Amino acid sequence: EKGGFDHFMLKEIFEQPRSIYDCMRGRIYPNEGKVQLGGVKEYVEKLKNVDRIIIVACGTSWHAGLVGEYLIEEYARIPVEVEYASEFRYRNPIISEKDIVIAISQSGETADTMAAIELAKEKGATIFGICNVVGSSIPRISHAGIYTHAGPEIGVASTKAFTAQVTALTLFAFYVAQQRGKITESQLITYLTELETIPSLVETALKSNELIKKIAEHFIDSRNCLFLGRGSGFPVALEGALKLKEISYIHAEGYPAAEMKHGPIALIDEEMPVIFIATKNSSYEKVISNIQEVKARKGVVIAIVTEGDITVKNMVDYSIEIPDTNEAFLPLIATIPLQLLSYHIAVMRGCNVDQPRNLAKSVTVE
Ligand code: M6R
């Protein structure tokens, strides 16, 4: 049932070209410049007029929410707040019938996320669920939603569910942008045509698996690790760090690269691996200076770079190339090498990657 792979996690990482495709299927029409989301169609008037969106989630799903914030604000121009469900529910949040609250959850059963939307529903908000498990509790409590269609995820560490959540949020951002007239048909044609190529770009990114395995060998004895990115590369860094800690038990932290100088830079020495999302996008030059700051303090740098980039390659200890894509879709590609890196480090450390200690696939207790 692992389809020839050693672990479910690896199988699920390799399923991503398919799961991302399944999430988009029947929802995008690149030639017409159109996105269709049957699940939220009934609420289109609400979406046209809403003043803010609140996203609630936990763990990896919360990271997807941060990518969603970036996409919805950038393209649909609606203010978004992303909250840990467990914090939101206990702090008497200001919510009214004017708000849309989106719960993101792979399992659809996470207790804190469920409680958060129950609270928001009582206060009159409209609730959307972005869930993977069909017929689970969160979609049932929600008014409307989008299924991610990633297929069953067995590994406790979320991989394909995350990229499917990000895909669903990407569709949502463009759908709302279109409805609110924030994007032209020709711009949408360009974006959607590119989005359609993402499964094959993910396929290309997966080809670095052997290289990543070799790089991983150098880090099996690391005790700490820093993941840095900017813009939508920041949630990717957070997700990379969470993956590494949950399956390899190496302490890892994700930070916005520019925050490094406000504290974490003190940690850097020759023992400290620092993983940068250093692809060619709007923050490229800024990330390069952050890399220089780490190298000046003898940190060991692994960089995720755009195919063909030799500038960063020459500055760092290890680099992993990913295919170039529009910045909007970067998280979908840049996440792949981080999943593989964590996987190989954890396997080489002898960890049970599919079933890490102390963790459950769905957290149904608060
Ligand atoms: O099923 P959910 O998406 O609601 O689960 C939320 C978190 O418990 C989950 O993402 C957790 O952080 C994973 N183990 C991450 O890999």
# chains A, B, ... in the order shown; residues from 1 in each chain; ligands from 1

call {"tool": "residues_around", "arguments": {"residues": "A:Tyr343", "least_positions_apart": "5", "cutoff": "8 Å", "atoms": "only C-alpha atoms", "output": "MDAnalysis selection string"}}
result
chainID A and resid 9:10 244 247:248 353

call {"tool": "residues_around", "arguments": {"residues": "A:Glu32", "least_positions_apart": "6", "cutoff": "12 Å", "atoms": "only C-alpha atoms", "output": "list in words"}}
result
Thr184, Glu185, Ser186, Gln187, Leu188, Ile189, Thr190, Tyr191, Leu192 and Thr193 of chain A

call {"tool": "write_last_selection", "arguments": {"atoms": "N, CA, C and O atoms", "output": "short mmCIF file (atom, residue, chain, number, x, y, z; two decimals), in the first residue's frame"}}
result
data_model
loop_
_atom_site.label_atom_id
_atom_site.label_comp_id
_atom_site.auth_asym_id
_atom_site.auth_seq_id
_atom_site.Cartn_x
_atom_site.Cartn_y
_atom_site.Cartn_z
N THR A 184 -7.82 41.51 -14.31
CA THR A 184 -8.45 41.48 -15.64
C THR A 184 -8.46 40.05 -16.18
O THR A 184 -7.71 39.19 -15.70
N GLU A 185 -9.30 39.86 -17.18
CA GLU A 185 -9.38 38.53 -17.78
C GLU A 185 -8.03 38.12 -18.35
O GLU A 185 -7.58 36.99 -18.19
N SER A 186 -7.35 39.06 -18.98
CA SER A 186 -6.08 38.67 -19.60
C SER A 186 -5.01 38.36 -18.54
O SER A 186 -4.19 37.46 -18.71
N GLN A 187 -5.06 39.09 -17.42
CA GLN A 187 -4.12 38.74 -16.32
C GLN A 187 -4.43 37.33 -15.81
O GLN A 187 -3.53 36.53 -15.57
N LEU A 188 -5.72 37.05 -15.66
CA LEU A 188 -6.11 35.73 -15.16
C LEU A 188 -5.68 34.63 -16.12
O LEU A 188 -5.24 33.56 -15.68
N ILE A 189 -5.81 34.90 -17.40
CA ILE A 189 -5.36 33.90 -18.38
C ILE A 189 -3.89 33.59 -18.15
O ILE A 189 -3.47 32.43 -18.09
N THR A 190 -3.09 34.64 -17.95
CA THR A 190 -1.66 34.45 -17.72
C THR A 190 -1.40 33.63 -16.45
O THR A 190 -0.66 32.65 -16.46
N TYR A 191 -2.05 34.04 -15.35
CA TYR A 191 -1.83 33.32 -14.09
C TYR A 191 -2.29 31.87 -14.16
O TYR A 191 -1.59 30.95 -13.72
N LEU A 192 -3.48 31.67 -14.69
CA LEU A 192 -4.03 30.31 -14.69
C LEU A 192 -3.26 29.38 -15.64
O LEU A 192 -3.11 28.19 -15.36
N THR A 193 -2.77 29.95 -16.73
CA THR A 193 -1.98 29.15 -17.66
C THR A 193 -0.72 28.65 -16.94
O THR A 193 -0.32 27.50 -17.08
#

call {"tool": "atom_distance", "arguments": {"atom1": "atom CA of A:His143", "atom2": "atom CA of A:Tyr29"}}
result
25.5 Å

call {"tool": "closest_residue", "arguments": {"among": "A:Arg140, A:Lys11, A:Lys295, A:His63", "to": "ligand 1", "atoms": "only C-alpha atoms and all ligand atoms"}}
result
A:His63

call {"tool": "select_by_dssp", "arguments": {"residues": "stretch 255-309 of chain A", "states": "strand (DSSP E)", "output": "list in words"}}
result
Tyr255, Pro256, Pro273, Val274, Ile275, Phe276, Ile277, Val300, Val301, Ile302, Ala303, Ile304, Val305 and Thr306 of chain A

call {"tool": "residues_around", "arguments": {"residues": "A:Thr311", "least_positions_apart": "3", "cutoff": "12 Å", "atoms": "only C-alpha atoms", "output": "list in words"}}
result
Ala278, Thr279, Lys280, Tyr284, Glu285, Val287, Ile288, Ser289, Ile291, Gln292, Ala303, Val305, Thr306, Glu307, Gly308, Asn314, Met315, Val316 and Ser319 of chain A

call {"tool": "write_last_selection", "arguments": {"atoms": "C-alpha atoms", "output": "mmCIF file, in the first residue's frame"}}
result
data_model
loop_
_atom_site.group_PDB
_atom_site.id
_atom_site.type_symbol
_atom_site.label_atom_id
_atom_site.label_comp_id
_atom_site.auth_asym_id
_atom_site.auth_seq_id
_atom_site.Cartn_x
_atom_site.Cartn_y
_atom_site.Cartn_z
ATOM 1 C CA ALA A 278 16.540 32.282 -1.993
ATOM 2 C CA THR A 279 14.633 32.095 -5.253
ATOM 3 C CA LYS A 280 14.558 34.868 -7.841
ATOM 4 C CA TYR A 284 15.923 38.108 -3.988
ATOM 5 C CA GLU A 285 18.477 40.907 -3.404
ATOM 6 C CA VAL A 287 17.776 37.536 0.842
ATOM 7 C CA ILE A 288 21.257 37.619 -0.692
ATOM 8 C CA SER A 289 22.365 40.142 1.919
ATOM 9 C CA ILE A 291 22.905 35.013 3.298
ATOM 10 C CA GLN A 292 26.049 37.132 3.407
ATOM 11 C CA ALA A 303 19.803 27.535 -0.280
ATOM 12 C CA VAL A 305 17.496 28.591 -5.559
ATOM 13 C CA THR A 306 15.929 29.199 -8.942
ATOM 14 C CA GLU A 307 17.203 26.897 -11.669
ATOM 15 C CA GLY A 308 20.368 28.303 -13.241
ATOM 16 C CA ASN A 314 28.626 30.409 -5.338
ATOM 17 C CA MET A 315 27.928 31.964 -1.960
ATOM 18 C CA VAL A 316 26.529 28.975 -0.119
ATOM 19 C CA SER A 319 22.148 24.586 -3.093
#

call {"tool": "residues_near_ligand", "arguments": {"ligand": "ligand 1", "cutoff": "9 Å", "atoms": "only C-alpha atoms and all ligand atoms", "output": "VMD selection string"}}
result
chain A and resid 57 to 63 103 to 114 131 to 133 155 to 159 161 to 162 239 242 to 243 246 to 247 359 to 364

call {"tool": "write_last_selection", "arguments": {"atoms": "N, CA and C atoms", "output": "compact mmCIF listing (two decimals), in the first residue's frame"}}
result
# COMPACT_ATOMS: atom_id res chain seq x y z
N ALA A 57 -6.69 28.01 12.02
CA ALA A 57 -6.14 26.69 11.74
C ALA A 57 -5.06 26.37 12.78
N CYS A 58 -4.51 25.17 12.71
CA CYS A 58 -3.42 24.75 13.59
C CYS A 58 -2.30 24.14 12.74
N GLY A 59 -1.08 24.20 13.28
CA GLY A 59 0.06 23.48 12.68
C GLY A 59 0.30 23.85 11.23
N THR A 60 0.49 22.81 10.43
CA THR A 60 0.76 23.00 9.01
C THR A 60 -0.37 23.76 8.32
N SER A 61 -1.61 23.50 8.73
CA SER A 61 -2.74 24.18 8.11
C SER A 61 -2.70 25.68 8.39
N TRP A 62 -2.15 26.05 9.54
CA TRP A 62 -1.96 27.47 9.87
C TRP A 62 -0.91 28.07 8.93
N HIS A 63 0.11 27.31 8.61
CA HIS A 63 1.11 27.80 7.65
C HIS A 63 0.48 28.03 6.28
N ALA A 103 -11.85 28.10 8.00
CA ALA A 103 -11.13 27.10 8.80
C ALA A 103 -10.38 26.20 7.82
N ILE A 104 -9.07 26.04 8.05
CA ILE A 104 -8.29 25.14 7.20
C ILE A 104 -7.92 23.91 8.04
N SER A 105 -8.22 22.74 7.54
CA SER A 105 -7.91 21.52 8.29
C SER A 105 -7.86 20.31 7.36
N GLN A 106 -6.76 19.60 7.41
CA GLN A 106 -6.65 18.38 6.63
C GLN A 106 -7.72 17.39 7.07
N SER A 107 -7.71 17.09 8.36
CA SER A 107 -8.59 16.04 8.88
C SER A 107 -10.05 16.48 8.96
N GLY A 108 -10.25 17.78 9.17
CA GLY A 108 -11.61 18.27 9.40
C GLY A 108 -12.11 17.92 10.79
N GLU A 109 -11.20 17.46 11.67
CA GLU A 109 -11.62 17.01 13.00
C GLU A 109 -10.85 17.69 14.13
N THR A 110 -9.96 18.60 13.82
CA THR A 110 -9.13 19.21 14.86
C THR A 110 -10.01 19.98 15.86
N ALA A 111 -9.89 19.60 17.13
CA ALA A 111 -10.80 20.12 18.16
C ALA A 111 -10.74 21.65 18.26
N ASP A 112 -9.54 22.21 18.29
CA ASP A 112 -9.43 23.66 18.46
C ASP A 112 -10.02 24.40 17.26
N THR A 113 -9.80 23.88 16.08
CA THR A 113 -10.31 24.54 14.87
C THR A 113 -11.83 24.48 14.85
N MET A 114 -12.35 23.33 15.27
CA MET A 114 -13.81 23.17 15.32
C MET A 114 -14.42 24.14 16.32
N CYS A 131 -10.95 21.75 3.65
CA CYS A 131 -10.64 20.48 4.31
C CYS A 131 -10.32 19.41 3.28
N ASN A 132 -9.65 18.37 3.78
CA ASN A 132 -9.30 17.28 2.88
C ASN A 132 -10.25 16.09 3.02
N VAL A 133 -10.58 15.76 4.27
CA VAL A 133 -11.40 14.56 4.49
C VAL A 133 -12.88 14.89 4.24
N GLY A 155 0.78 9.59 6.55
CA GLY A 155 1.92 10.10 7.33
C GLY A 155 1.43 11.19 8.27
N VAL A 156 1.92 11.14 9.51
CA VAL A 156 1.48 12.14 10.49
C VAL A 156 1.96 13.54 10.05
N ALA A 157 3.14 13.59 9.46
CA ALA A 157 3.64 14.87 8.97
C ALA A 157 2.91 15.21 7.68
N SER A 158 2.27 16.33 7.68
CA SER A 158 1.46 16.72 6.53
C SER A 158 2.35 17.19 5.37
N THR A 159 2.12 16.66 4.19
CA THR A 159 2.91 17.06 3.01
C THR A 159 1.97 17.42 1.87
N ALA A 161 -1.17 17.28 1.79
CA ALA A 161 -2.35 18.04 2.23
C ALA A 161 -2.02 19.53 2.26
N PHE A 162 -0.77 19.86 2.66
CA PHE A 162 -0.35 21.26 2.71
C PHE A 162 -0.36 21.89 1.32
N GLU A 239 7.05 26.13 7.66
CA GLU A 239 6.63 24.76 7.38
C GLU A 239 7.85 23.83 7.30
N LEU A 242 8.89 23.12 10.88
CA LEU A 242 7.96 22.21 11.57
C LEU A 242 8.17 20.76 11.11
N LYS A 243 8.34 20.60 9.80
CA LYS A 243 8.58 19.25 9.26
C LYS A 243 9.80 18.64 9.92
N GLU A 246 9.24 17.82 13.71
CA GLU A 246 8.33 16.74 14.08
C GLU A 246 8.82 15.35 13.69
N ILE A 247 9.57 15.24 12.61
CA ILE A 247 9.99 13.88 12.25
C ILE A 247 11.43 13.53 12.61
N LEU A 359 2.94 12.27 18.67
CA LEU A 359 2.04 12.97 17.75
C LEU A 359 0.92 12.06 17.25
N ALA A 360 -0.22 12.68 16.97
CA ALA A 360 -1.34 11.95 16.37
C ALA A 360 -1.72 12.60 15.07
N LYS A 361 -2.27 11.83 14.16
CA LYS A 361 -2.63 12.39 12.86
C LYS A 361 -3.71 13.45 12.99
N SER A 362 -4.71 13.18 13.83
CA SER A 362 -5.63 14.29 14.03
C SER A 362 -5.80 14.54 15.51
N VAL A 363 -5.73 15.81 15.88
CA VAL A 363 -5.69 16.19 17.28
C VAL A 363 -7.09 16.57 17.71
N THR A 364 -7.79 15.57 18.25
CA THR A 364 -9.20 15.77 18.58
C THR A 364 -9.40 16.13 20.05

call {"tool": "residues_around", "arguments": {"residues": "A:Glu83", "least_positions_apart": "3", "cutoff": "7 Å", "atoms": "only C-alpha atoms", "output": "MDAnalysis selection string"}}
result
chainID A and resid 55:57 88

call {"tool": "residues_around", "arguments": {"residues": "stretch 258-263 of chain A", "least_positions_apart": "4", "cutoff": "9 Å", "atoms": "only C-alpha atoms", "output": "ChimeraX atom specification"}}
result
/A:228-230,267,286-287,290,293

call {"tool": "write_last_selection", "arguments": {"atoms": "N, CA, C and O atoms", "output": "mmCIF file, in the first residue's frame"}}
result
data_model
loop_
_atom_site.group_PDB
_atom_site.id
_atom_site.type_symbol
_atom_site.label_atom_id
_atom_site.label_comp_id
_atom_site.auth_asym_id
_atom_site.auth_seq_id
_atom_site.Cartn_x
_atom_site.Cartn_y
_atom_site.Cartn_z
ATOM 1 N N LEU A 228 14.908 30.298 6.870
ATOM 2 C CA LEU A 228 14.622 31.712 6.643
ATOM 3 C C LEU A 228 14.051 31.971 5.256
ATOM 4 O O LEU A 228 14.502 31.396 4.266
ATOM 5 N N GLY A 229 13.073 32.848 5.204
ATOM 6 C CA GLY A 229 12.493 33.250 3.919
ATOM 7 C C GLY A 229 11.814 34.594 4.079
ATOM 8 O O GLY A 229 11.630 35.077 5.205
ATOM 9 N N ARG A 230 11.472 35.203 2.968
ATOM 10 C CA ARG A 230 10.760 36.484 3.018
ATOM 11 C C ARG A 230 9.504 36.384 2.163
ATOM 12 O O ARG A 230 9.412 35.538 1.288
ATOM 13 N N LEU A 267 22.661 33.152 17.347
ATOM 14 C CA LEU A 267 22.822 31.689 17.389
ATOM 15 C C LEU A 267 23.823 31.180 16.360
ATOM 16 O O LEU A 267 24.231 30.017 16.405
ATOM 17 N N LYS A 286 17.452 41.150 -1.233
ATOM 18 C CA LYS A 286 17.441 41.265 0.235
ATOM 19 C C LYS A 286 17.877 39.944 0.862
ATOM 20 O O LYS A 286 18.622 39.926 1.845
ATOM 21 N N VAL A 287 17.408 38.846 0.300
ATOM 22 C CA VAL A 287 17.776 37.536 0.842
ATOM 23 C C VAL A 287 19.275 37.309 0.664
ATOM 24 O O VAL A 287 19.946 36.780 1.548
ATOM 25 N N ASN A 290 21.050 38.774 3.447
ATOM 26 C CA ASN A 290 20.890 37.947 4.646
ATOM 27 C C ASN A 290 21.817 36.724 4.601
ATOM 28 O O ASN A 290 22.382 36.325 5.627
ATOM 29 N N GLU A 293 25.226 37.785 5.596
ATOM 30 C CA GLU A 293 25.344 37.983 7.049
ATOM 31 C C GLU A 293 25.589 36.650 7.755
ATOM 32 O O GLU A 293 26.365 36.573 8.717
#

call {"tool": "closest_residue", "arguments": {"among": "A:Ala64, A:Ala241, A:Cys225, A:Met348", "to": "A:Gly299", "atoms": "only C-alpha atoms"}}
result
A:Cys225

call {"tool": "closest_residue", "arguments": {"among": "A:Leu338, A:Val294, A:Val166, A:Ile220", "to": "A:Ala237", "atoms": "only C-alpha atoms"}}
result
A:Leu338

call {"tool": "residues_around", "arguments": {"residues": "A:Ser96", "least_positions_apart": "2", "cutoff": "7 Å", "atoms": "only C-alpha atoms", "output": "ChimeraX atom specification"}}
result
/A:94,98-99,123-125

call {"tool": "residues_around", "arguments": {"residues": "A:Tyr90", "least_positions_apart": "3", "cutoff": "10 Å", "atoms": "only C-alpha atoms", "output": "MDAnalysis selection string"}}
result
chainID A and resid 85:87 93 112 115:116 119

call {"tool": "write_last_selection", "arguments": {"atoms": "all heavy atoms", "output": "PDB file, in the first residue's frame"}}
result
ATOM      1  N   ALA A  85      -6.133  28.633  15.882  1.00  0.00           N
ATOM      2  CA  ALA A  85      -7.494  28.360  16.360  1.00  0.00           C
ATOM      3  C   ALA A  85      -7.547  28.335  17.885  1.00  0.00           C
ATOM      4  O   ALA A  85      -8.487  28.832  18.501  1.00  0.00           O
ATOM      5  CB  ALA A  85      -7.980  27.028  15.786  1.00  0.00           C
ATOM      6  N   SER A  86      -6.512  27.780  18.501  1.00  0.00           N
ATOM      7  CA  SER A  86      -6.501  27.624  19.958  1.00  0.00           C
ATOM      8  C   SER A  86      -6.408  28.954  20.685  1.00  0.00           C
ATOM      9  O   SER A  86      -6.862  29.087  21.819  1.00  0.00           O
ATOM     10  CB  SER A  86      -5.325  26.735  20.361  1.00  0.00           C
ATOM     11  OG  SER A  86      -4.120  27.295  19.845  1.00  0.00           O
ATOM     12  N   GLU A  87      -5.804  29.964  20.060  1.00  0.00           N
ATOM     13  CA  GLU A  87      -5.725  31.292  20.670  1.00  0.00           C
ATOM     14  C   GLU A  87      -7.022  32.043  20.432  1.00  0.00           C
ATOM     15  O   GLU A  87      -7.579  32.657  21.332  1.00  0.00           O
ATOM     16  CB  GLU A  87      -4.543  32.073  20.065  1.00  0.00           C
ATOM     17  CG  GLU A  87      -3.193  31.589  20.537  1.00  0.00           C
ATOM     18  CD  GLU A  87      -3.028  31.777  22.039  1.00  0.00           C
ATOM     19  OE1 GLU A  87      -3.351  32.850  22.551  1.00  0.00           O
ATOM     20  OE2 GLU A  87      -2.582  30.819  22.709  1.00  0.00           O
ATOM     21  N   PRO A  93     -12.742  36.987  20.703  1.00  0.00           N
ATOM     22  CA  PRO A  93     -12.429  37.718  19.471  1.00  0.00           C
ATOM     23  C   PRO A  93     -13.594  38.601  19.000  1.00  0.00           C
ATOM     24  O   PRO A  93     -14.750  38.291  19.267  1.00  0.00           O
ATOM     25  CB  PRO A  93     -12.170  36.600  18.456  1.00  0.00           C
ATOM     26  CG  PRO A  93     -12.913  35.424  18.972  1.00  0.00           C
ATOM     27  CD  PRO A  93     -12.871  35.537  20.467  1.00  0.00           C
ATOM     28  N   ASP A 112      -9.538  22.207  18.291  1.00  0.00           N
ATOM     29  CA  ASP A 112      -9.426  23.661  18.457  1.00  0.00           C
ATOM     30  C   ASP A 112     -10.024  24.404  17.261  1.00  0.00           C
ATOM     31  O   ASP A 112     -10.664  25.445  17.426  1.00  0.00           O
ATOM     32  CB  ASP A 112      -7.955  24.058  18.643  1.00  0.00           C
ATOM     33  CG  ASP A 112      -7.458  23.772  20.064  1.00  0.00           C
ATOM     34  OD1 ASP A 112      -8.224  24.003  21.013  1.00  0.00           O
ATOM     35  OD2 ASP A 112      -6.297  23.326  20.207  1.00  0.00           O
ATOM     36  N   ALA A 115     -13.812  24.226  17.488  1.00  0.00           N
ATOM     37  CA  ALA A 115     -14.341  25.124  18.526  1.00  0.00           C
ATOM     38  C   ALA A 115     -14.276  26.577  18.053  1.00  0.00           C
ATOM     39  O   ALA A 115     -15.190  27.363  18.324  1.00  0.00           O
ATOM     40  CB  ALA A 115     -13.556  24.941  19.823  1.00  0.00           C
ATOM     41  N   ALA A 116     -13.217  26.923  17.326  1.00  0.00           N
ATOM     42  CA  ALA A 116     -13.069  28.303  16.843  1.00  0.00           C
ATOM     43  C   ALA A 116     -14.204  28.668  15.888  1.00  0.00           C
ATOM     44  O   ALA A 116     -14.792  29.748  15.983  1.00  0.00           O
ATOM     45  CB  ALA A 116     -11.712  28.480  16.156  1.00  0.00           C
ATOM     46  N   LEU A 119     -17.605  29.051  17.649  1.00  0.00           N
ATOM     47  CA  LEU A 119     -17.685  30.362  18.297  1.00  0.00           C
ATOM     48  C   LEU A 119     -18.013  31.455  17.270  1.00  0.00           C
ATOM     49  O   LEU A 119     -18.901  32.291  17.478  1.00  0.00           O
ATOM     50  CB  LEU A 119     -16.330  30.655  18.962  1.00  0.00           C
ATOM     51  CG  LEU A 119     -16.143  32.007  19.611  1.00  0.00           C
ATOM     52  CD1 LEU A 119     -16.874  32.058  20.941  1.00  0.00           C
ATOM     53  CD2 LEU A 119     -14.657  32.289  19.845  1.00  0.00           C
TER      54      LEU A 119
END

call {"tool": "select_by_dssp", "arguments": {"residues": "stretch 204-356 of chain A", "states": "alpha helix (DSSP H)", "output": "ChimeraX atom specification"}}
result
/A:204-206,209-217,233-248,284-296,310-315,330-348

call {"tool": "closest_residue", "arguments": {"among": "A:Tyr21, A:Phe8, A:Tyr70, A:Phe329", "to": "A:Asn281", "atoms": "only C-alpha atoms"}}
result
A:Phe329

call {"tool": "closest_residue", "arguments": {"among": "A:Leu171, A:Ala216, A:Ala257, A:Ile310", "to": "A:Gly231", "atoms": "only C-alpha atoms"}}
result
A:Ala257

call {"tool": "decode", "arguments": {"residues": "stretch 261-269 of chain A", "atoms": "all heavy atoms", "output": "PDB file, in the first residue's frame"}}
result
ATOM      1  N   LYS A 261      18.376  39.655  12.325  1.00  0.00           N
ATOM      2  CA  LYS A 261      19.237  40.614  13.025  1.00  0.00           C
ATOM      3  C   LYS A 261      18.627  41.099  14.338  1.00  0.00           C
ATOM      4  O   LYS A 261      19.288  41.760  15.126  1.00  0.00           O
ATOM      5  CB  LYS A 261      19.532  41.803  12.119  1.00  0.00           C
ATOM      6  CG  LYS A 261      18.322  42.533  11.595  1.00  0.00           C
ATOM      7  CD  LYS A 261      18.762  43.634  10.623  1.00  0.00           C
ATOM      8  CE  LYS A 261      17.586  44.288   9.908  1.00  0.00           C
ATOM      9  NZ  LYS A 261      16.799  43.358   9.060  1.00  0.00           N
ATOM     10  N   HIS A 262      17.395  40.763  14.603  1.00  0.00           N
ATOM     11  CA  HIS A 262      16.766  41.177  15.860  1.00  0.00           C
ATOM     12  C   HIS A 262      16.879  40.105  16.930  1.00  0.00           C
ATOM     13  O   HIS A 262      16.149  40.146  17.922  1.00  0.00           O
ATOM     14  CB  HIS A 262      15.308  41.553  15.609  1.00  0.00           C
ATOM     15  CG  HIS A 262      15.154  42.689  14.653  1.00  0.00           C
ATOM     16  ND1 HIS A 262      15.456  43.987  14.988  1.00  0.00           N
ATOM     17  CD2 HIS A 262      14.797  42.721  13.349  1.00  0.00           C
ATOM     18  CE1 HIS A 262      15.254  44.775  13.936  1.00  0.00           C
ATOM     19  NE2 HIS A 262      14.861  44.018  12.925  1.00  0.00           N
ATOM     20  N   GLY A 263      17.702  39.127  16.729  1.00  0.00           N
ATOM     21  CA  GLY A 263      17.863  38.104  17.765  1.00  0.00           C
ATOM     22  C   GLY A 263      18.540  36.830  17.302  1.00  0.00           C
ATOM     23  O   GLY A 263      19.653  36.523  17.736  1.00  0.00           O
ATOM     24  N   PRO A 264      17.902  36.091  16.398  1.00  0.00           N
ATOM     25  CA  PRO A 264      18.424  34.758  16.064  1.00  0.00           C
ATOM     26  C   PRO A 264      19.849  34.755  15.509  1.00  0.00           C
ATOM     27  O   PRO A 264      20.539  33.747  15.605  1.00  0.00           O
ATOM     28  CB  PRO A 264      17.452  34.240  14.999  1.00  0.00           C
ATOM     29  CG  PRO A 264      16.257  35.100  15.058  1.00  0.00           C
ATOM     30  CD  PRO A 264      16.624  36.373  15.739  1.00  0.00           C
ATOM     31  N   ILE A 265      20.312  35.889  15.001  1.00  0.00           N
ATOM     32  CA  ILE A 265      21.666  35.934  14.447  1.00  0.00           C
ATOM     33  C   ILE A 265      22.701  35.575  15.519  1.00  0.00           C
ATOM     34  O   ILE A 265      23.784  35.071  15.218  1.00  0.00           O
ATOM     35  CB  ILE A 265      21.949  37.318  13.808  1.00  0.00           C
ATOM     36  CG1 ILE A 265      23.133  37.225  12.859  1.00  0.00           C
ATOM     37  CG2 ILE A 265      22.123  38.419  14.855  1.00  0.00           C
ATOM     38  CD1 ILE A 265      23.256  38.382  11.890  1.00  0.00           C
ATOM     39  N   ALA A 266      22.330  35.778  16.771  1.00  0.00           N
ATOM     40  CA  ALA A 266      23.234  35.443  17.876  1.00  0.00           C
ATOM     41  C   ALA A 266      23.509  33.941  17.927  1.00  0.00           C
ATOM     42  O   ALA A 266      24.516  33.503  18.490  1.00  0.00           O
ATOM     43  CB  ALA A 266      22.622  35.904  19.199  1.00  0.00           C
ATOM     44  N   LEU A 267      22.661  33.152  17.347  1.00  0.00           N
ATOM     45  CA  LEU A 267      22.822  31.689  17.389  1.00  0.00           C
ATOM     46  C   LEU A 267      23.823  31.180  16.360  1.00  0.00           C
ATOM     47  O   LEU A 267      24.231  30.017  16.405  1.00  0.00           O
ATOM     48  CB  LEU A 267      21.475  31.019  17.069  1.00  0.00           C
ATOM     49  CG  LEU A 267      20.349  31.149  18.084  1.00  0.00           C
ATOM     50  CD1 LEU A 267      19.031  30.744  17.437  1.00  0.00           C
ATOM     51  CD2 LEU A 267      20.635  30.285  19.289  1.00  0.00           C
ATOM     52  N   ILE A 268      24.168  32.028  15.398  1.00  0.00           N
ATOM     53  CA  ILE A 268      24.911  31.503  14.259  1.00  0.00           C
ATOM     54  C   ILE A 268      26.394  31.282  14.531  1.00  0.00           C
ATOM     55  O   ILE A 268      27.108  32.169  14.976  1.00  0.00           O
ATOM     56  CB  ILE A 268      24.678  32.407  13.032  1.00  0.00           C
ATOM     57  CG1 ILE A 268      23.185  32.337  12.746  1.00  0.00           C
ATOM     58  CG2 ILE A 268      25.537  31.955  11.833  1.00  0.00           C
ATOM     59  CD1 ILE A 268      22.680  32.965  11.558  1.00  0.00           C
ATOM     60  N   ASP A 269      26.820  30.045  14.280  1.00  0.00           N
ATOM     61  CA  ASP A 269      28.238  29.698  14.310  1.00  0.00           C
ATOM     62  C   ASP A 269      28.435  28.539  13.326  1.00  0.00           C
ATOM     63  O   ASP A 269      27.501  28.187  12.603  1.00  0.00           O
ATOM     64  CB  ASP A 269      28.691  29.324  15.736  1.00  0.00           C
ATOM     65  CG  ASP A 269      27.939  28.112  16.291  1.00  0.00           C
ATOM     66  OD1 ASP A 269      27.248  27.400  15.510  1.00  0.00           O
ATOM     67  OD2 ASP A 269      28.042  27.858  17.499  1.00  0.00           O
TER      68      ASP A 269
END
